Each structure stands twice: as structure tokens, then as C-alpha cells.
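Visitor: Sharing run.tsv (TSV, C-alpha atoms) below.
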chain	number	residue	atom	x	y	z
A	1	MET	CA	3.78	29.54	15.22
A	2	ALA	CA	3.91	29.90	11.45
A	3	GLY	CA	5.87	33.12	11.78
A	4	GLN	CA	8.63	31.30	13.67
A	5	LEU	CA	9.10	28.70	10.96
A	6	THR	CA	11.52	28.92	8.07
A	7	ILE	CA	11.39	26.81	4.91
A	8	ASP	CA	14.48	24.63	4.60
A	9	SER	CA	15.45	24.38	0.94
A	10	GLY	CA	17.32	21.09	1.38
A	11	ASP	CA	14.40	19.39	3.10
A	12	THR	CA	12.04	20.79	0.49
A	13	ALA	CA	14.18	19.48	-2.36
A	14	TRP	CA	14.28	16.05	-0.74
A	15	MET	CA	10.49	15.96	-0.30
A	16	LEU	CA	9.95	16.90	-3.94
A	17	MET	CA	12.25	14.04	-4.92
A	18	ALA	CA	10.58	11.62	-2.49
A	19	THR	CA	7.19	12.46	-3.96
A	20	ALA	CA	8.48	11.71	-7.45
A	21	LEU	CA	9.94	8.41	-6.23
A	22	VAL	CA	6.61	7.28	-4.80
A	23	MET	CA	4.93	8.18	-8.10
A	24	LEU	CA	7.55	6.00	-9.78
A	25	MET	CA	6.40	3.12	-7.55
A	26	ILE	CA	2.88	3.42	-8.95
A	27	LEU	CA	3.47	4.43	-12.57
A	28	PRO	CA	5.12	2.44	-13.95
A	29	GLY	CA	6.32	0.27	-11.00
A	30	LEU	CA	3.11	-1.26	-9.66
A	31	ALA	CA	1.51	-1.30	-13.11
A	32	LEU	CA	4.39	-3.41	-14.46
A	33	PHE	CA	4.58	-5.62	-11.37
A	34	TYR	CA	0.87	-6.44	-11.48
A	35	GLY	CA	0.71	-6.45	-15.26
A	36	GLY	CA	3.33	-9.16	-15.63
A	37	LEU	CA	1.49	-11.42	-13.20
A	38	VAL	CA	-1.80	-11.59	-15.11
A	39	ARG	CA	-2.59	-13.36	-18.37
A	40	ALA	CA	-1.74	-11.45	-21.55
A	41	LYS	CA	-5.42	-10.82	-22.34
A	42	ASN	CA	-5.72	-8.75	-19.16
A	43	LEU	CA	-2.46	-6.78	-19.16
A	44	LEU	CA	-3.90	-3.46	-20.35
A	45	SER	CA	-6.88	-3.88	-18.02
A	46	VAL	CA	-4.64	-4.02	-14.94
A	47	MET	CA	-2.42	-1.18	-16.12
A	48	SER	CA	-5.47	0.95	-16.93
A	49	GLN	CA	-6.90	0.32	-13.48
A	50	VAL	CA	-3.69	1.47	-11.80
A	51	LEU	CA	-3.58	4.49	-14.10
A	52	GLY	CA	-7.21	5.39	-13.50
A	53	ILE	CA	-7.07	4.89	-9.73
A	54	THR	CA	-4.04	7.16	-9.55
A	55	ALA	CA	-5.96	9.92	-11.30
A	56	VAL	CA	-9.00	9.46	-9.05
A	57	ALA	CA	-6.78	9.61	-5.97
A	58	ILE	CA	-4.99	12.77	-7.09
A	59	LEU	CA	-8.21	14.67	-7.76
A	60	SER	CA	-10.12	13.48	-4.68
A	61	TRP	CA	-7.07	14.24	-2.51
A	62	VAL	CA	-7.08	17.85	-3.66
A	63	LEU	CA	-10.85	18.27	-3.49
A	64	TRP	CA	-11.59	16.79	-0.06
A	65	ASP	CA	-9.50	13.81	1.12
A	66	TYR	CA	-6.42	15.78	2.20
A	67	SER	CA	-8.61	17.99	4.34
A	68	LEU	CA	-10.36	14.97	5.87
A	69	ALA	CA	-6.99	13.41	6.69
A	70	PHE	CA	-4.86	16.35	7.82
A	71	SER	CA	-6.97	19.35	8.79
A	72	GLY	CA	-8.04	19.90	12.38
A	73	GLY	CA	-10.83	17.66	13.55
A	74	ASN	CA	-11.62	15.01	16.12
A	75	TRP	CA	-10.01	11.68	16.95
A	76	LEU	CA	-11.67	10.02	13.94
A	77	ILE	CA	-11.55	12.43	11.01
A	78	GLY	CA	-10.53	15.94	10.02
A	79	GLY	CA	-12.74	18.71	8.71
A	80	LEU	CA	-13.23	20.39	5.34
A	81	SER	CA	-11.34	23.61	6.04
A	82	LYS	CA	-8.67	22.65	3.48
A	83	ALA	CA	-11.02	21.20	0.84
A	84	GLY	CA	-9.81	22.11	-2.63
A	85	PHE	CA	-6.43	22.87	-1.02
A	86	ALA	CA	-7.99	26.04	0.41
A	87	GLY	CA	-5.35	28.11	2.15
A	88	LEU	CA	-2.44	26.13	0.70
A	89	THR	CA	-0.27	28.73	-1.01
A	90	ASP	CA	3.41	28.92	-1.85
A	91	SER	CA	3.97	30.43	1.60
A	92	SER	CA	1.93	27.86	3.61
A	93	LEU	CA	4.27	25.94	5.93
A	94	TRP	CA	4.29	22.42	7.37
A	95	PRO	CA	6.56	22.03	10.43
A	96	VAL	CA	9.06	19.17	10.46
A	97	GLY	CA	10.87	17.49	13.34
A	98	SER	CA	13.68	19.97	13.83
A	99	GLY	CA	12.64	23.13	15.69
A	100	GLY	CA	11.99	26.14	13.50
A	101	LYS	CA	12.25	24.21	10.22
A	102	ALA	CA	9.44	23.64	7.76
A	103	ILE	CA	8.62	22.54	4.25
A	104	PRO	CA	5.87	23.99	2.04
A	105	GLU	CA	2.54	22.45	2.98
A	106	LEU	CA	1.92	21.87	-0.71
A	107	ALA	CA	4.96	19.57	-0.77
A	108	PHE	CA	3.64	17.64	2.24
A	109	ALA	CA	0.18	17.40	0.71
A	110	ALA	CA	1.59	16.15	-2.60
A	111	PHE	CA	3.74	13.56	-0.81
A	112	GLN	CA	0.73	12.25	1.09
A	113	MET	CA	-1.28	12.30	-2.14
A	114	THR	CA	1.02	9.65	-3.60
A	115	PHE	CA	0.44	7.46	-0.53
A	116	ALA	CA	-3.30	7.60	-1.10
A	117	ALA	CA	-2.83	6.74	-4.77
A	118	ILE	CA	-0.65	3.69	-4.23
A	119	THR	CA	-2.81	2.35	-1.40
A	120	ALA	CA	-5.96	2.40	-3.52
A	121	SER	CA	-4.02	0.94	-6.46
A	122	LEU	CA	-2.76	-1.97	-4.36
A	123	VAL	CA	-6.31	-3.12	-3.63
A	124	ILE	CA	-7.10	-4.10	-7.20
A	125	GLY	CA	-4.37	-6.75	-7.23
A	126	ALA	CA	-6.77	-9.02	-5.37
A	127	LEU	CA	-9.51	-8.54	-7.99
A	128	VAL	CA	-7.75	-8.52	-11.34
A	129	GLU	CA	-9.05	-10.32	-14.44
A	130	ARG	CA	-12.74	-10.12	-13.47
A	131	VAL	CA	-13.88	-6.70	-12.23
A	132	ARG	CA	-15.13	-3.81	-14.36
A	133	PHE	CA	-13.02	-0.69	-14.86
A	134	SER	CA	-15.97	1.63	-14.13
A	135	ALA	CA	-16.82	-0.24	-10.93
A	136	ILE	CA	-13.25	0.00	-9.68
A	137	MET	CA	-13.14	3.74	-10.39
A	138	LEU	CA	-16.31	4.30	-8.35
A	139	PHE	CA	-15.08	2.04	-5.56
A	140	SER	CA	-11.77	3.89	-5.36
A	141	ALA	CA	-13.44	7.29	-5.02
A	142	LEU	CA	-15.67	6.00	-2.24
A	143	TRP	CA	-12.94	4.02	-0.49
A	144	LEU	CA	-10.43	6.84	-0.37
A	145	THR	CA	-13.03	9.02	1.34
A	146	ILE	CA	-14.70	6.52	3.67
A	147	VAL	CA	-11.75	4.29	4.57
A	148	TYR	CA	-8.37	5.76	3.68
A	149	ALA	CA	-8.68	9.40	4.76
A	150	PRO	CA	-10.09	8.66	8.24
A	151	LEU	CA	-7.49	5.95	8.92
A	152	ALA	CA	-4.68	8.27	7.81
A	153	HIS	CA	-6.11	10.89	10.19
A	154	MET	CA	-6.26	8.41	13.08
A	155	VAL	CA	-2.65	7.30	12.59
A	156	TRP	CA	-0.78	10.40	11.41
A	157	SER	CA	-2.72	13.47	12.51
A	158	THR	CA	-1.89	14.88	15.93
A	159	ASP	CA	-5.64	14.78	16.68
A	160	GLY	CA	-5.96	11.13	15.66
A	161	LEU	CA	-6.90	8.26	17.94
A	162	LEU	CA	-3.92	6.01	17.24
A	163	PHE	CA	-1.43	8.88	17.10
A	164	ARG	CA	-2.50	9.96	20.59
A	165	PHE	CA	-2.38	6.36	21.79
A	166	GLY	CA	1.29	6.19	20.80
A	167	ALA	CA	1.19	3.60	18.02
A	168	ILE	CA	4.21	3.71	15.70
A	169	ASP	CA	3.57	3.71	11.95
A	170	PHE	CA	6.47	5.49	10.35
A	171	ALA	CA	5.41	5.17	6.72
A	172	GLY	CA	2.21	3.17	6.41
A	173	GLY	CA	2.11	-0.36	7.83
A	174	THR	CA	-1.49	0.16	8.96
A	175	VAL	CA	-2.63	3.02	6.72
A	176	VAL	CA	-1.25	1.54	3.49
A	177	HIS	CA	-0.56	-2.17	3.75
A	178	ILE	CA	-3.01	-3.62	6.27
A	179	ASN	CA	-5.64	-1.28	4.88
A	180	SER	CA	-5.18	-2.35	1.26
A	181	GLY	CA	-4.71	-6.02	2.15
A	182	VAL	CA	-7.96	-6.24	4.11
A	183	ALA	CA	-9.82	-4.23	1.46
A	184	GLY	CA	-8.62	-6.67	-1.17
A	185	LEU	CA	-9.81	-9.61	0.93
A	186	VAL	CA	-13.24	-8.02	1.31
A	187	GLY	CA	-13.31	-7.37	-2.43
A	188	VAL	CA	-12.73	-11.05	-3.15
A	189	ALA	CA	-15.73	-11.88	-0.97
A	190	PHE	CA	-17.89	-9.51	-3.03
A	191	ALA	CA	-16.51	-10.30	-6.51
A	192	GLY	CA	-15.96	-14.03	-6.16
A	193	SER	CA	-13.25	-16.08	-7.84
A	194	ARG	CA	-12.11	-15.95	-11.44
A	195	ILE	CA	-13.64	-18.45	-13.85
A	196	GLY	CA	-11.49	-21.58	-13.68
A	197	HIS	CA	-9.79	-20.72	-10.39
A	198	LEU	CA	-7.94	-23.82	-9.11
A	199	LYS	CA	-9.18	-25.73	-12.20
A	200	GLU	CA	-7.29	-24.03	-15.03
A	201	ALA	CA	-3.67	-22.97	-15.25
A	202	MET	CA	-3.32	-19.18	-14.89
A	203	PRO	CA	0.43	-18.56	-15.12
A	204	PRO	CA	1.89	-15.05	-15.23
A	205	HIS	CA	2.31	-14.02	-18.84
A	206	SER	CA	5.60	-12.07	-18.33
A	207	LEU	CA	7.76	-12.46	-15.26
A	208	ALA	CA	10.21	-10.12	-16.99
A	209	LEU	CA	7.71	-7.27	-16.61
A	210	THR	CA	7.16	-8.29	-12.99
A	211	MET	CA	10.89	-8.17	-12.31
A	212	VAL	CA	11.17	-4.68	-13.79
A	213	GLY	CA	8.17	-3.60	-11.72
A	214	ALA	CA	9.66	-5.08	-8.55
A	215	GLY	CA	12.88	-3.16	-9.13
A	216	LEU	CA	10.98	0.10	-9.60
A	217	LEU	CA	8.96	-0.60	-6.45
A	218	TRP	CA	12.13	-1.13	-4.43
A	219	ALA	CA	13.75	2.02	-5.81
A	220	GLY	CA	10.62	4.09	-5.25
A	221	TRP	CA	10.27	2.74	-1.72
A	222	PHE	CA	13.24	4.88	-0.68
A	223	GLY	CA	11.00	7.89	-1.24
A	224	PHE	CA	8.16	6.12	0.55
A	225	ASN	CA	10.13	5.31	3.72
A	226	ALA	CA	13.01	7.80	3.83
A	227	GLY	CA	10.67	10.56	2.66
A	228	SER	CA	8.48	9.96	5.69
A	229	ALA	CA	11.19	11.57	7.82
A	230	LEU	CA	10.07	14.83	6.08
A	231	GLU	CA	13.68	16.02	6.33
A	232	ALA	CA	17.00	15.26	4.65
A	233	ASN	CA	18.60	14.17	7.91
A	234	GLY	CA	19.86	11.22	9.91
A	235	LEU	CA	16.39	9.75	10.38
A	236	ALA	CA	15.94	9.64	6.61
A	237	ALA	CA	19.28	7.81	6.37
A	238	VAL	CA	18.13	5.29	9.00
A	239	ALA	CA	14.96	4.64	7.01
A	240	LEU	CA	16.91	4.34	3.76
A	241	VAL	CA	19.31	1.73	5.16
A	242	ASN	CA	16.41	-0.28	6.60
A	243	THR	CA	14.74	-0.12	3.18
A	244	LEU	CA	17.83	-1.76	1.72
A	245	VAL	CA	18.38	-4.56	4.22
A	246	ALA	CA	14.81	-5.70	5.04
A	247	PRO	CA	13.85	-6.59	1.44
A	248	ALA	CA	17.25	-8.19	0.87
A	249	ALA	CA	16.64	-10.47	3.84
A	250	GLY	CA	13.07	-11.13	2.72
A	251	LEU	CA	14.16	-11.96	-0.82
A	252	LEU	CA	16.72	-14.55	0.24
A	253	SER	CA	14.41	-16.03	2.89
A	254	TRP	CA	11.59	-16.64	0.40
A	255	MET	CA	13.96	-18.16	-2.15
A	256	ALA	CA	15.54	-20.36	0.54
A	257	ALA	CA	12.11	-21.58	1.62
A	258	GLU	CA	11.27	-22.41	-2.00
A	259	ARG	CA	14.55	-24.26	-2.37
A	260	LEU	CA	13.77	-26.40	0.66
A	261	VAL	CA	10.15	-27.08	-0.31
A	262	SER	CA	10.20	-27.44	-4.09
A	263	GLY	CA	13.89	-27.72	-4.93
A	264	LYS	CA	14.17	-24.53	-6.97
A	265	PRO	CA	14.20	-20.86	-5.94
A	266	SER	CA	12.11	-18.81	-8.33
A	267	MET	CA	12.53	-15.25	-9.54
A	268	LEU	CA	8.89	-14.56	-8.65
A	269	GLY	CA	9.58	-15.86	-5.16
A	270	GLY	CA	12.54	-13.53	-4.84
A	271	ALA	CA	10.47	-10.54	-5.95
A	272	SER	CA	7.65	-11.53	-3.61
A	273	GLY	CA	10.06	-11.88	-0.69
A	274	ALA	CA	11.56	-8.47	-1.41
A	275	VAL	CA	8.12	-6.87	-1.42
A	276	ALA	CA	7.22	-8.68	1.82
A	277	GLY	CA	10.36	-7.28	3.43
A	278	LEU	CA	9.59	-3.79	2.16
A	279	VAL	CA	6.04	-4.00	3.49
A	280	ALA	CA	7.17	-5.21	6.92
A	281	VAL	CA	9.83	-2.55	7.42
A	282	THR	CA	7.55	0.30	6.37
A	283	PRO	CA	6.04	0.96	9.83
A	284	ALA	CA	9.40	0.37	11.51
A	285	ALA	CA	11.68	2.21	9.09
A	286	GLY	CA	12.45	5.04	11.53
A	287	ALA	CA	12.42	2.95	14.72
A	288	SER	CA	14.51	-0.09	13.79
A	289	GLY	CA	18.21	-0.62	13.38
A	290	PRO	CA	19.53	-2.59	10.42
A	291	VAL	CA	19.71	-5.91	12.29
A	292	GLY	CA	16.12	-5.53	13.42
A	293	ALA	CA	15.12	-4.68	9.86
A	294	MET	CA	16.74	-7.89	8.66
A	295	LEU	CA	14.78	-9.87	11.25
A	296	LEU	CA	11.54	-8.20	10.17
A	297	GLY	CA	12.29	-9.01	6.53
A	298	VAL	CA	12.90	-12.68	7.32
A	299	ALA	CA	9.83	-13.00	9.56
A	300	ALA	CA	7.45	-11.34	7.13
A	301	SER	CA	8.80	-13.25	4.17
A	302	LEU	CA	8.29	-16.62	5.85
A	303	VAL	CA	4.82	-15.71	7.14
A	304	CYS	CA	3.74	-14.54	3.69
A	305	TYR	CA	5.33	-17.52	1.95
A	306	GLY	CA	3.47	-19.92	4.23
A	307	PHE	CA	0.15	-18.27	3.39
A	308	VAL	CA	0.72	-17.75	-0.33
A	309	GLY	CA	2.40	-21.10	-0.94
A	310	SER	CA	-0.02	-23.30	0.95
A	311	LEU	CA	-2.84	-21.87	3.04
A	312	LYS	CA	-4.37	-19.66	0.32
A	313	ASN	CA	-5.24	-22.59	-1.93
A	314	ARG	CA	-6.51	-24.65	0.97
A	315	LEU	CA	-8.92	-21.81	1.72
A	316	ARG	CA	-9.80	-21.63	-2.01
A	317	LEU	CA	-9.14	-17.90	-1.82
A	318	ASP	CA	-8.67	-16.13	-5.15
A	319	ASP	CA	-6.58	-13.23	-3.86
A	320	SER	CA	-5.20	-13.10	-7.38
A	321	LEU	CA	-1.91	-11.23	-6.86
A	322	ASP	CA	-1.60	-11.85	-3.10
A	323	VAL	CA	-2.58	-8.43	-1.83
A	324	PHE	CA	-3.74	-9.81	1.50
A	325	GLY	CA	-1.12	-12.56	1.47
A	326	ILE	CA	1.79	-10.12	1.19
A	327	HIS	CA	0.58	-6.60	2.01
A	328	GLY	CA	-2.00	-7.56	4.62
A	329	LEU	CA	0.01	-10.22	6.46
A	330	GLY	CA	3.32	-8.43	5.88
A	331	GLY	CA	1.81	-5.24	7.27
A	332	ILE	CA	0.48	-7.04	10.34
A	333	THR	CA	3.85	-8.72	10.94
A	334	GLY	CA	5.73	-5.47	10.49
A	335	SER	CA	3.36	-3.36	12.58
A	336	ILE	CA	3.51	-5.69	15.57
A	337	GLY	CA	7.19	-6.42	15.03
A	338	THR	CA	7.93	-2.69	15.13
A	339	ALA	CA	7.59	-2.85	18.92
A	340	ILE	CA	10.29	-5.53	19.06
A	341	VAL	CA	12.82	-4.08	16.62
A	342	ALA	CA	12.60	-0.69	18.35
A	343	LEU	CA	14.37	-2.27	21.34
A	344	PRO	CA	17.80	-0.67	21.88
A	345	VAL	CA	19.34	-4.12	22.41
A	346	LEU	CA	18.53	-4.85	18.73
A	347	GLY	CA	19.91	-1.50	17.63
A	348	GLY	CA	16.46	0.11	17.63
A	349	HIS	CA	15.66	3.68	18.52
A	350	GLY	CA	13.21	3.12	21.37
A	351	GLY	CA	15.31	5.22	23.72
A	352	ALA	CA	15.71	5.13	27.48
A	353	GLY	CA	12.67	3.92	29.38
A	354	TYR	CA	11.22	2.15	26.35
A	355	SER	CA	8.55	-0.37	27.39
A	356	LEU	CA	8.21	-3.35	25.07
A	357	ALA	CA	4.98	-4.56	26.68
A	358	TRP	CA	3.22	-1.20	26.36
A	359	GLN	CA	4.37	-0.70	22.80
A	360	LEU	CA	3.26	-4.19	21.82
A	361	LEU	CA	-0.16	-3.32	23.20
A	362	ARG	CA	-0.23	-0.08	21.21
A	363	GLN	CA	0.84	-1.82	18.02
A	364	ALA	CA	-1.67	-4.63	18.42
A	365	ALA	CA	-4.42	-2.08	19.05
A	366	ALA	CA	-3.47	-0.18	15.89
A	367	VAL	CA	-3.53	-3.40	13.87
A	368	GLY	CA	-6.95	-4.28	15.27
A	369	VAL	CA	-8.38	-0.85	14.50
A	370	ALA	CA	-6.93	-0.90	10.96
A	371	ILE	CA	-8.38	-4.35	10.22
A	372	ALA	CA	-11.81	-3.52	11.63
A	373	TRP	CA	-12.01	-0.10	9.97
A	374	SER	CA	-10.87	-1.35	6.58
A	375	ALA	CA	-13.11	-4.42	6.66
A	376	ALA	CA	-16.25	-2.52	7.60
A	377	GLY	CA	-15.61	0.47	5.35
A	378	SER	CA	-14.55	-1.61	2.36
A	379	ALA	CA	-17.65	-3.79	2.67
A	380	LEU	CA	-19.77	-0.64	2.67
A	381	CYS	CA	-18.01	0.68	-0.44
A	382	PHE	CA	-18.28	-2.57	-2.41
A	383	ALA	CA	-21.94	-2.93	-1.44
A	384	ALA	CA	-22.63	0.62	-2.61
A	385	VAL	CA	-20.93	-0.04	-5.95
A	386	LYS	CA	-22.97	-3.22	-6.48
A	387	LEU	CA	-26.16	-1.23	-5.94
A	388	VAL	CA	-25.22	1.06	-8.82
A	389	MET	CA	-23.58	-1.27	-11.35
A	390	PRO	CA	-22.30	-4.83	-11.78
A	391	LEU	CA	-18.95	-5.34	-10.07
A	392	ARG	CA	-17.63	-7.96	-12.45
A	393	HIS	CA	-17.92	-8.82	-16.11
A	394	ALA	CA	-20.13	-11.44	-17.72
A	395	ARG	CA	-18.57	-14.86	-18.21
A	396	ASP	CA	-18.04	-14.43	-21.97
A	397	ALA	CA	-16.27	-11.11	-21.48
A	398	GLU	CA	-14.06	-12.58	-18.77
A	399	ARG	CA	-13.14	-15.47	-21.04
A	400	GLU	CA	-12.28	-13.09	-23.89
A	401	GLY	CA	-10.20	-10.88	-21.61
A	402	LEU	CA	-10.76	-7.53	-19.99
A	403	ASP	CA	-8.45	-5.69	-22.37
A	404	ILE	CA	-11.11	-6.08	-25.07
A	405	ALA	CA	-14.15	-6.06	-22.79
A	406	ASP	CA	-13.24	-2.82	-20.99
A	407	HIS	CA	-10.95	-0.97	-23.36
A	408	GLY	CA	-11.35	-2.39	-26.87
A	409	GLU	CA	-7.61	-2.88	-27.38
A	410	ARG	CA	-4.91	-5.48	-26.87
A	411	ALA	CA	-1.50	-5.23	-25.26
A	412	TYR	CA	0.05	-7.41	-27.97
A	413	ASN	CA	-0.94	-7.40	-31.65
A	414	TYR	CA	0.62	-10.13	-33.76
For the file at hand, write its structure as C-alpha cells.

Guide:
Amino acid sequence: MAGQLTIDSGDTAWMLMATALVMLMILPGLALFYGGLVRAKNLLSVMSQVLGITAVAILSWVLWDYSLAFSGGNWLIGGLSKAGFAGLTDSSLWPVGSGGKAIPELAFAAFQMTFAAITASLVIGALVERVRFSAIMLFSALWLTIVYAPLAHMVWSTDGLLFRFGAIDFAGGTVVHINSGVAGLVGVAFAGSRIGHLKEAMPPHSLALTMVGAGLLWAGWFGFNAGSALEANGLAAVALVNTLVAPAAGLLSWMAAERLVSGKPSMLGGASGAVAGLVAVTPAAGASGPVGAMLLGVAASLVCYGFVGSLKNRLRLDDSLDVFGIHGLGGITGSIGTAIVALPVLGGHGGAGYSLAWQLLRQAAAVGVAIAWSAAGSALCFAAVKLVMPLRHARDAEREGLDIADHGERAYNY
């Protein structure tokens, strides 16, 4: 088959750009978004964790995780035939949707590498301001291998369980968002709450940084969603438009809810609503029309707002930066809602003979598998880390701040 394929230079150029855009989401986008939300004494700690996790993900992806996710295997996991990028040369091809067209497999592998990096980086938002840098680095290496790579194989590899079952996950509702959200929730159970949680004020130290980070996340998300078409074509344009309208609807919905409840719409609420909309449309980006994407953005925003604004504190859950509250719940809402917004009557791309009931079943099954796999695998990874080293800092170090405790430097020197 490889001899019948021809590299398309336009598609290749787009995938190189999409890969760069997803990297922009992580560094500096996510680092700024998370960094602004913590206290000043922990800013460098959070940024260093995102930086370090990205490096771990890049190296482990080349050495073994890409092969486990995308080489031939069984319904659960791939093999090691492509470990170390073995066989990936400048002439190795990866077929895309249009017959006879391909992109370099190295471009596909690099694109997927950035997905692994941002997913692992998202997890630490639930655990900021208390966990050790070294423990998070070890956890990330284990988690990418035990949890992320097999789930990516199940959802996106043609051999995978959920791919064969017909579940739709265009760009990562299960693999990225539900996966990271549940892992963060499990991490909170292992690490415990921050000192002073629900007793001391812990306001974000710089919402300006968070706003800049949110803007970079939104811009980079075009590579995340539109890049998942793997071609510079109409499907990429569909995904791009949905990536504009869903977060816009989510942003305004969250701010409207705040206005009704507390009297004032906040900038942080707007940024949170935009991210909730982006998360929800991720699995549906290629299946939904713009109206459906708007509905997904509104639904996810209100679901996440209800959890973050009320239920989280009632549960006394220290999901510090709302990884489960936004990525987990937004991913669940979007993954199940994908079946609905794919309906042609809503402008979706389900096509003739589309069965809403069957697709809802497929989507619910994918959500269930993602939750169970991430919960069990993440618990195993955190337990393994705790056997080797302490997961969190001593109380005095946490009080002083992790910038000093972990890195011996401060973000701000007066």
C-alpha cells in the first residue's frame, strides 16, 4: 500500500503547523494559565512541572509510547516494533483520509507526541502547590506508558477496542480530557488537600497571566482540533469553525451564570467557560455543525460551572485548578453530546442512516472505559510513586512555597 501513497506537501505543511500550535498550548499557554491561578510562591513550581512533563513526554514518546499507541497490536495496546521511532524515516508514510494521499509518519508521530505532552501536563493542575517535582516526573513517565498510550491505542488505532466499536473521538475527549480529569481526581485522593484548604484564602496571584494563557490555549486549540483532520481540507475547516463557536458560547454562558448567581461576571469565569467549551467540542469537532457546537459549549459550561462553583466545595475536594471539574466533566459532556450534535437535523455530519441510539451507546461505553482505565491505571501509578518517594512536601516546605522548596528560586524578586 505504501507504494501507492504520495506525500501531499500542503497537508504536510499544515500538520507541521498544527504540531507547533499544540506545543504553543503547552509552552507557554498552559504554563501561564496554571501559573496565574496559583499563589506567587508556587508560580515557578507549576511552570517547571509543565516544562518537565513536556520533556518527559517527548522522550518517552520516541522511545516506546508511540509504538505502544500506534504500532500493530491487539485491541488493548500496540507492540514495540516502532520503539525508538524504528523504521520512521523521511520516506515513511502515514495515510490520510483522501485516497492515495499521505503525510510523513514522522509528522504524524510528532503531532501525537504533543497530545501526550499536554494530557500529562493537564493532570498536575489538580495537585499544584503541594506535590514534589521529582514525584511528578516519575508519575508522568509511568502514567504515559501505563494509562495514556493504551487508551490512545484503544480509541485511535484501527486495532483498538473503542475504534472498532465505532466510538467517535475526533481529537481527544476521552484520550485527553476525561483521562487527565480522572487522573487528577485520583491524584487528589493520594496527595490530599493543601494546607489551609477551605480555611485560608488562596486567591490566584495573577489573573492577567491566566488570561494570556487562556488566549494561547484557544489559539493553539485550532491545531489540536483542526489538525486532527490530518489534512488541509474541508474537515479541518469544520473543526476550526467549531473551535471558534463552542468556546465563545461556553464563555458567555459561564459569565451569564455568574451574573445571575453572584451579580458580577468574572474574567476567570469567562476563561473557564471558554476552556469548558473547547474541551466539550474536542471529541465532536469533526462531527458537529456550528449550531451543535454552540449547544455543546453552553451545556458543558453550565455543567462545569455547577460543579466548580458549588459542588466541589461541598465535597471538600481540593481539585486545585479544576482539572476534573472542567476537563473531566467537560470531556464527559462533550463525548456523550457528540452523538447528539452529529445529528443532521442539528447540522451534524452523521450522514444517512445515522442512529442516535446506537451512537449514544457507543459514546457512553467509551466514556465508561476511559474513566475505568484512567482511574485504575492512575491509582497504580500514584501508588508506585509513593513506594519510591514522598509524593508531597513537608508542611514547612509547603508553607514556604514550592518555588524555593523544589527549585531554590523565586518568580518575583523585590

Visitor: Using 12 Å as the limit and counting only C-alpha atoms, can you tabulate each residue of segment 327-394 of chain A that touches segment 192-216 of chain A, with its shortest atom-to-atom distance in Å and the two atoms involved, as CSV?

Guide:
residue,atom,partner,partner_atom,distance
A:Leu391,CA,A:Gly192,CA,10.0
A:Arg392,CA,A:Gly192,CA,8.9
A:His393,CA,A:Arg194,CA,10.3
A:Ala394,CA,A:Ile195,CA,10.3

Visitor: Under the rule that all atoms listed in the file are counted, which of A:Leu80, A:Val241, A:Leu361, A:Ala18 is the nearest residue to Ser228 of chain A?

Guide: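 Among the listed residues, the smallest separation from Ser228 of chain A belongs to A:Ala18.
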
Visitor: Excluding Gly87 of chain A and any residue of its chain fewer than 4 positions from it, enumerate the residues within 12 Å of it, using all atoms listed in the file, and give them as a ChimeraX atom specification.

Guide: /A:62,67,71,80-83,91-93,104-106

Visitor: Nearest to Ala31 of chain A: which of A:Thr145, A:Thr333, A:Ser121, A:Ser355 is it, counting all atoms listed in the file?

Guide: A:Ser121

Visitor: Point out the residue among A:Asn42, A:Asn225, A:Asn74, A:Asn179 with the least atom-to-atom distance to Leu21 of chain A, counting only C-alpha atoms.

Guide: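 The answer is A:Asn225, which sits nearest to Leu21 of chain A.
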
Visitor: When you look at Gln49 of chain A with a cut-off of 8 Å (counting all atoms listed in the file), what residues show up, excluding the ones that are within fewer than 2 positions of it in the same chain? I need them as a ChimeraX atom specification.

Guide: /A:45-47,51-53,121,124,133,136-137
